[in-house]
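So this block is coords_32.txt, compact mmCIF, C-alpha atoms:
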```
# COMPACT_ATOMS: atom_id res chain seq x y z
CA MET Z 1 0.00 0.00 0.00
CA GLY Z 2 2.99 2.23 0.58
CA CYS Z 3 3.37 2.45 -3.21
CA ILE Z 4 0.40 4.85 -3.31
CA THR Z 5 -0.16 6.21 0.19
CA SER Z 6 1.61 6.94 3.44
CA GLU Z 7 -1.64 6.34 5.31
CA GLY Z 8 -1.10 4.00 8.26
CA PHE Z 9 -3.10 1.00 9.41
CA VAL Z 10 -4.59 0.07 12.72
CA THR Z 11 -5.33 -3.37 14.03
CA ARG Z 12 -6.16 -4.96 17.32
CA TYR Z 13 -5.45 -8.26 18.96
CA SER Z 14 -7.80 -9.38 21.68
CA GLU Z 15 -8.18 -12.87 23.08
CA ARG Z 16 -11.85 -12.05 23.55
CA ASN Z 17 -12.25 -12.09 19.77
CA GLY Z 18 -10.86 -15.59 19.38
CA ASN Z 19 -7.85 -14.66 17.26
CA VAL Z 20 -9.98 -12.79 14.76
CA LEU Z 21 -8.30 -9.53 13.87
CA ALA Z 22 -9.40 -6.65 11.73
CA ALA Z 23 -7.29 -4.00 10.06
CA SER Z 24 -8.18 -0.75 8.39
CA PHE Z 25 -6.78 2.66 7.62
CA GLN Z 26 -5.96 4.70 10.69
CA ASP Z 27 -7.64 7.80 9.30
CA ASP Z 28 -10.64 5.97 7.79
CA PHE Z 29 -9.52 5.99 4.16
CA ALA Z 30 -6.64 6.83 1.84
CA ILE Z 31 -6.64 9.33 -0.98
CA GLY Z 32 -4.77 8.71 -4.20
CA THR Z 33 -4.08 11.38 -6.79
CA ARG Z 34 -4.65 10.58 -10.45
CA ARG Z 35 -2.49 11.95 -13.23
CA ASN Z 36 -5.45 14.09 -14.36
CA GLY Z 37 -5.51 15.80 -10.95
CA GLN Z 38 -8.64 14.07 -9.65
CA SER Z 39 -8.61 12.17 -6.39
CA LEU Z 40 -9.57 8.59 -5.67
CA LYS Z 41 -10.69 7.31 -2.32
CA LEU Z 42 -9.71 3.87 -1.07
CA GLU Z 43 -11.41 2.22 1.89
CA PHE Z 44 -10.22 -1.02 3.30
CA ALA Z 45 -11.50 -3.54 5.83
CA HIS Z 46 -9.51 -6.70 6.28
CA GLY Z 47 -10.16 -9.67 8.53
CA HIS Z 48 -7.45 -12.16 9.35
CA THR Z 49 -6.22 -14.67 11.88
CA LEU Z 50 -2.70 -15.43 12.98
CA ILE Z 51 -1.57 -18.97 12.31
CA GLN Z 52 1.73 -20.75 12.79
CA ALA Z 53 3.64 -20.92 9.52
CA GLN Z 54 3.98 -24.48 8.27
CA GLY Z 55 7.51 -25.86 8.32
CA GLU Z 56 8.92 -22.75 9.92
CA ARG Z 57 8.73 -23.33 13.63
CA GLY Z 58 8.23 -20.21 15.65
CA LEU Z 59 7.05 -18.12 12.72
CA TRP Z 60 3.53 -16.80 12.39
CA THR Z 61 1.64 -15.60 9.39
CA ALA Z 62 -1.60 -13.74 8.82
CA SER Z 63 -4.31 -15.72 7.07
CA THR Z 64 -6.99 -13.62 5.38
CA THR Z 65 -10.54 -14.50 6.38
CA GLU Z 66 -12.48 -11.72 4.66
CA TYR Z 67 -11.98 -8.36 2.99
CA ILE Z 68 -13.60 -5.29 1.49
CA TYR Z 69 -11.54 -3.02 -0.76
CA GLU Z 70 -13.56 -0.05 -2.00
CA VAL Z 71 -12.48 2.34 -4.72
CA ALA Z 72 -14.54 5.52 -5.09
CA ASP Z 73 -14.17 8.82 -6.87
CA GLU Z 74 -13.81 12.17 -5.15
CA ARG Z 75 -17.61 12.45 -4.76
CA ASP Z 76 -17.57 9.09 -2.96
CA ASP Z 77 -19.34 7.39 -5.86
CA LEU Z 78 -18.11 3.81 -6.06
CA ILE Z 79 -16.04 2.68 -9.03
CA ALA Z 80 -15.45 -0.88 -7.88
CA THR Z 81 -15.54 -2.80 -4.63
CA PHE Z 82 -13.77 -6.10 -4.09
CA HIS Z 83 -15.50 -8.37 -1.60
CA TRP Z 84 -14.91 -11.61 0.18
CA HIS Z 85 -17.17 -12.13 3.19
CA PRO Z 86 -17.84 -15.84 3.57
CA VAL Z 87 -19.81 -15.44 6.80
CA SER Z 88 -21.96 -12.48 5.79
CA ARG Z 89 -25.62 -12.75 6.72
CA LEU Z 90 -26.77 -9.48 5.20
CA ALA Z 91 -29.65 -9.45 2.76
CA GLY Z 92 -28.47 -8.25 -0.62
CA ASP Z 93 -24.94 -9.54 -0.45
CA GLU Z 94 -24.94 -13.09 0.85
CA MET Z 95 -22.40 -14.27 -1.72
CA ARG Z 96 -19.80 -16.33 0.06
CA TRP Z 97 -17.21 -16.47 -2.70
CA PRO Z 98 -14.86 -13.64 -3.70
CA HIS Z 99 -16.43 -11.19 -6.11
CA VAL Z 100 -16.27 -7.66 -7.40
CA HIS Z 101 -19.07 -5.12 -7.71
CA ALA Z 102 -18.34 -2.97 -10.74
CA CYS Z 103 -20.20 0.31 -10.86
CA GLY Z 104 -21.34 1.99 -14.02
CA ALA Z 105 -24.35 2.83 -16.13
CA ARG Z 106 -26.03 0.14 -18.22
CA ASP Z 107 -29.47 0.37 -19.77
CA ASN Z 108 -30.57 -3.16 -18.98
CA LEU Z 109 -28.47 -4.16 -15.98
CA THR Z 110 -27.94 -2.82 -12.48
CA LEU Z 111 -24.27 -3.48 -12.73
CA HIS Z 112 -23.28 -2.84 -9.10
CA LYS Z 113 -25.85 -5.40 -7.91
CA LEU Z 114 -24.02 -8.17 -9.74
CA HIS Z 115 -21.40 -10.32 -8.03
CA LEU Z 116 -18.74 -10.81 -10.68
CA PRO Z 117 -16.70 -13.79 -9.50
CA THR Z 118 -13.00 -13.43 -8.85
CA GLY Z 119 -10.30 -15.38 -7.09
CA CYS Z 120 -9.22 -13.98 -3.76
CA VAL Z 121 -7.81 -10.56 -4.56
CA SER Z 122 -4.63 -9.39 -2.87
CA ILE Z 123 -4.02 -5.84 -1.69
CA GLU Z 124 -1.11 -5.73 -4.11
CA ALA Z 125 -3.48 -6.47 -7.00
CA VAL Z 126 -5.75 -3.62 -5.95
CA VAL Z 127 -2.81 -1.22 -5.75
CA ARG Z 128 -1.68 -2.32 -9.21
CA PHE Z 129 -5.23 -1.74 -10.52
CA LEU Z 130 -5.20 1.78 -9.06
CA ILE Z 131 -1.87 2.65 -10.66
CA GLU Z 132 -2.23 0.93 -14.03
CA ASP Z 133 -5.94 1.34 -14.76
CA LEU Z 134 -6.95 4.39 -12.77
CA ASP Z 135 -3.73 6.37 -13.22
CA VAL Z 136 -3.06 6.92 -9.53
CA ILE Z 137 0.39 8.44 -9.22
CA PRO Z 138 2.76 6.01 -7.46
CA ARG Z 139 4.92 7.30 -4.63
CA ARG Z 140 7.96 5.40 -5.80
CA ASP Z 141 9.45 4.59 -9.19
CA ASP Z 142 10.09 0.95 -8.31
CA TRP Z 143 6.42 0.26 -7.47
CA HIS Z 144 6.21 -2.53 -10.06
CA ALA Z 145 9.10 -4.48 -8.52
CA VAL Z 146 7.82 -3.86 -4.99
CA LEU Z 147 4.33 -5.15 -5.82
CA ASP Z 148 5.74 -8.16 -7.69
CA ARG Z 149 8.00 -9.06 -4.78
CA HIS Z 150 5.31 -8.74 -2.13
CA GLU Z 151 2.69 -10.54 -4.19
CA ALA Z 152 5.07 -13.44 -4.90
CA ALA Z 153 5.78 -13.80 -1.18
CA PHE Z 154 2.08 -13.61 -0.45
CA ARG Z 155 1.26 -16.33 -2.99
CA ARG Z 156 3.91 -18.62 -1.53
CA SER Z 157 2.58 -18.31 2.00
CA ARG Z 158 -1.16 -17.87 1.54
CA THR Z 159 -3.43 -20.45 3.05
CA TRP Z 160 -6.44 -19.76 0.85
CA ALA Z 161 -7.21 -20.09 -2.84
CA MET W 162 17.69 6.00 -10.49
CA VAL W 163 14.99 4.63 -8.23
CA SER W 164 13.11 7.01 -5.98
CA THR W 165 11.77 6.16 -2.57
CA PRO W 166 8.73 7.64 -0.84
CA THR W 167 9.29 11.23 0.17
CA ASP W 168 7.29 11.07 3.34
CA VAL W 169 7.43 8.45 6.05
CA ASP W 170 5.00 5.54 5.94
CA SER W 171 2.85 5.39 9.02
CA GLY W 172 3.02 1.58 9.26
CA ILE W 173 0.77 -0.56 11.41
CA ARG W 174 -0.32 0.42 14.89
CA PHE W 175 -1.81 -2.02 17.39
CA LEU W 176 -4.60 -0.37 19.36
CA ASP W 177 -5.27 -1.08 23.00
CA ASP W 178 -8.83 -1.75 24.17
CA ASP W 179 -9.79 1.89 24.77
CA GLU W 180 -8.29 3.08 21.49
CA SER W 181 -9.92 0.23 19.66
CA HIS W 182 -13.39 0.96 21.03
CA ALA W 183 -12.94 4.66 20.22
CA TYR W 184 -11.86 3.77 16.69
CA PHE W 185 -14.91 1.56 16.15
CA ASP W 186 -17.21 4.19 17.62
CA ARG W 187 -15.81 6.75 15.18
CA GLN W 188 -16.39 4.42 12.25
CA ALA W 189 -20.00 3.72 13.28
CA GLN W 190 -20.66 7.46 13.67
CA ARG W 191 -19.08 8.18 10.29
CA LEU W 192 -20.85 5.42 8.39
CA LEU W 193 -24.25 5.17 10.10
CA GLY W 194 -24.49 8.08 12.55
CA ILE W 195 -24.81 5.81 15.58
CA SER W 196 -22.43 4.71 18.31
CA GLY W 197 -20.32 1.60 17.96
CA GLU W 198 -22.11 0.07 20.91
CA GLU W 199 -25.49 0.71 19.30
CA PHE W 200 -24.32 -0.81 16.03
CA LEU W 201 -23.18 -3.99 17.79
CA ARG W 202 -26.48 -4.22 19.66
CA ARG W 203 -28.48 -3.91 16.44
CA TYR W 204 -26.19 -6.25 14.52
CA ASP W 205 -26.25 -8.95 17.19
CA ALA W 206 -30.04 -8.64 17.39
CA GLY W 207 -30.30 -9.34 13.66
CA GLU W 208 -31.74 -5.92 12.86
CA TYR W 209 -29.64 -5.66 9.70
CA GLU W 210 -30.80 -8.98 8.27
CA ARG W 211 -33.54 -7.20 6.34
CA PRO W 212 -33.05 -5.62 2.90
CA LEU W 213 -31.04 -2.39 3.15
CA ASP W 214 -30.47 0.37 0.64
CA ASP W 215 -27.11 0.39 -1.10
CA ARG W 216 -25.43 2.94 1.14
CA ALA W 217 -26.62 1.31 4.36
CA LEU W 218 -25.59 -2.13 3.14
CA ARG W 219 -22.14 -0.78 2.25
CA ALA W 220 -21.78 0.72 5.73
CA VAL W 221 -23.06 -2.29 7.64
CA MET W 222 -20.81 -4.70 5.77
CA LYS W 223 -17.75 -2.61 6.62
CA LEU W 224 -18.72 -2.22 10.25
CA ALA W 225 -19.45 -5.93 10.58
CA MET W 226 -15.96 -6.67 9.27
CA LEU W 227 -14.42 -4.17 11.68
CA SER W 228 -16.53 -5.28 14.65
CA SER W 229 -13.61 -6.91 16.48
CA PHE W 230 -12.41 -3.35 17.16
CA GLY W 231 -15.60 -2.73 19.10
CA ARG W 232 -15.98 -5.92 21.11
```
If you took the structure in this file and wrote it as structure tokens, what would it be?
Amino acid sequence: MGCITSEGFVTRYSERNGNVLAASFQDDFAIGTRRNGQSLKLEFAHGHTLIQAQGERGLWTASTTEYIYEVADERDDLIATFHWHPVSRLAGDEMRWPHVHACGARDNLTLHKLHLPTGCVSIEAVVRFLIEDLDVIPRRDDWHAVLDRHEAAFRRSRTWA
Amino acid sequence: MVSTPTDVDSGIRFLDDDESHAYFDRQAQRLLGISGEEFLRRYDAGEYERPLDDRALRAVMKLAMLSSFGR
């Protein structure tokens, strides 16, 4: 995330929550600046548990359990929102598999109501989407290498599909 | 030549119980205009299991995912 924002994260560990942790932006959301001068707003809610890394005694890793990554324009109108919430019980979005809601105008479809299936989407993939497709200005020239390196490490250690 | 970020990344901060509850309360106020405690009461009572408009659904989903900050 540091490729596009200096915004920090907060998380909390509490035994009361049974090793279920959440993380989000410290100041609610991050703002990215596009090359055309417009701003983009990114909101982020991430659920995870800590598990012992296999084959590496003493090491722990975070295992993602759910996420919401929201991308909106400067008026807070959604552009896309990436979801995985396998335990959701809310009417209107009970889909248990990873999906994306794409927002846009169509004559014969309410596009944002659809659950376009995806694999589990990494934060790195969302950052790459923001830079490559939405022209958010990266904070560092080596963003491509940084995202590749972190995503490769993530794919090696992830415990979900 | 490769550049590095010009300002310092804020990193990850672990909140203690009081900070965590205050953070969740702020999110509930921002997203739904109610306290974090009230959101958890309504959520646990199943009051959000009815159809919601898009903005409310968006808010409730986020708060549900962040609810470990408030418990």
* To do: Select all residues from chain Z having any atom no more than 8 Å from an atom of chain W (counting all atoms listed in the file, ignoring ligands), output as a ChimeraX atom specification.
  => /Z:2-3,5-13,16-17,20-24,28,45-47,66-68,88-92,139-142
Separating atom CA of W:Gly197 from atom CA of W:Phe185, to the nearest tenth of an Å, is a gap of 5.7 Å
Practice prompt. Find the distance between atom CA of W:Glu198 and atom CA of W:Ala217 and write it in Å to one decimal.
Written response: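 Between atom CA of W:Glu198 and atom CA of W:Ala217 the gap is 17.2 Å.
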re atom CA of Z:Thr118 and atom CA of Z:Ile4: distance 23.3 Å
For this session: Choose the residue, out of Z:Ala152, Z:Lys41, Z:His115, Z:Phe29, that has the smallest atom-to-atom separation from Z:Asp93; count all atoms listed in the file.
Result: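 The answer is Z:His115, which sits nearest to Z:Asp93.
Close contacts of Z:Ile137, defined as residues with an atom at most 7 Å away when counting only C-alpha atoms, with chain neighbours fewer than 6 positions off set aside, comprise Ile4, Thr33, Arg34, Arg35 and Ile131 of chain Z.
Residue nearest Z:Thr49, chosen from Z:Ala62, Z:Gly37, Z:Val71, Z:Val127 and counting only C-alpha atoms: Z:Ala62.
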_Counting only C-alpha atoms, which residue out of Z:Leu59, Z:His112, Z:Leu42, Z:Val87 sits closest to W:Arg216?_
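Ranked by minimum distance to W:Arg216, first place goes to Z:His112.
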Would you kindly return, as an mmCIF file with C-alpha atoms, in the coordinates of the input, each protein, DNA or RNA residue with an atom no farther than 10 Å from any atom of Z:His101, considering all atoms listed in the file and excluding same-chain residues fewer than 3 positions away?
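Below you can see selection11.cif, which holds the result:
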```cif
data_model
loop_
_atom_site.group_PDB
_atom_site.id
_atom_site.type_symbol
_atom_site.label_atom_id
_atom_site.label_comp_id
_atom_site.auth_asym_id
_atom_site.auth_seq_id
_atom_site.Cartn_x
_atom_site.Cartn_y
_atom_site.Cartn_z
ATOM 1 C CA GLU Z 70 -13.560 -0.050 -2.000
ATOM 2 C CA LEU Z 78 -18.110 3.810 -6.060
ATOM 3 C CA ILE Z 79 -16.040 2.680 -9.030
ATOM 4 C CA ALA Z 80 -15.450 -0.880 -7.880
ATOM 5 C CA THR Z 81 -15.540 -2.800 -4.630
ATOM 6 C CA PHE Z 82 -13.770 -6.100 -4.090
ATOM 7 C CA HIS Z 83 -15.500 -8.370 -1.600
ATOM 8 C CA GLY Z 104 -21.340 1.990 -14.020
ATOM 9 C CA LEU Z 111 -24.270 -3.480 -12.730
ATOM 10 C CA HIS Z 112 -23.280 -2.840 -9.100
ATOM 11 C CA LYS Z 113 -25.850 -5.400 -7.910
ATOM 12 C CA LEU Z 114 -24.020 -8.170 -9.740
ATOM 13 C CA HIS Z 115 -21.400 -10.320 -8.030
ATOM 14 C CA LEU Z 116 -18.740 -10.810 -10.680
ATOM 15 C CA PRO Z 117 -16.700 -13.790 -9.500
#
```
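The shortest atom-to-atom distance to Z:Asp135, with all atoms listed in the file taken into account, belongs to Z:Ser39 out of Z:Ile123, Z:Ser39, Z:Ala105, Z:Thr65.
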inquiry  = I'd like to know which of Z:Ala145, Z:Val136, Z:Ala72, Z:Ala153 is closest to Z:Phe44, using all atoms listed in the file.
reply    =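 Closest to Z:Phe44, using all atoms listed in the file: Z:Ala72.
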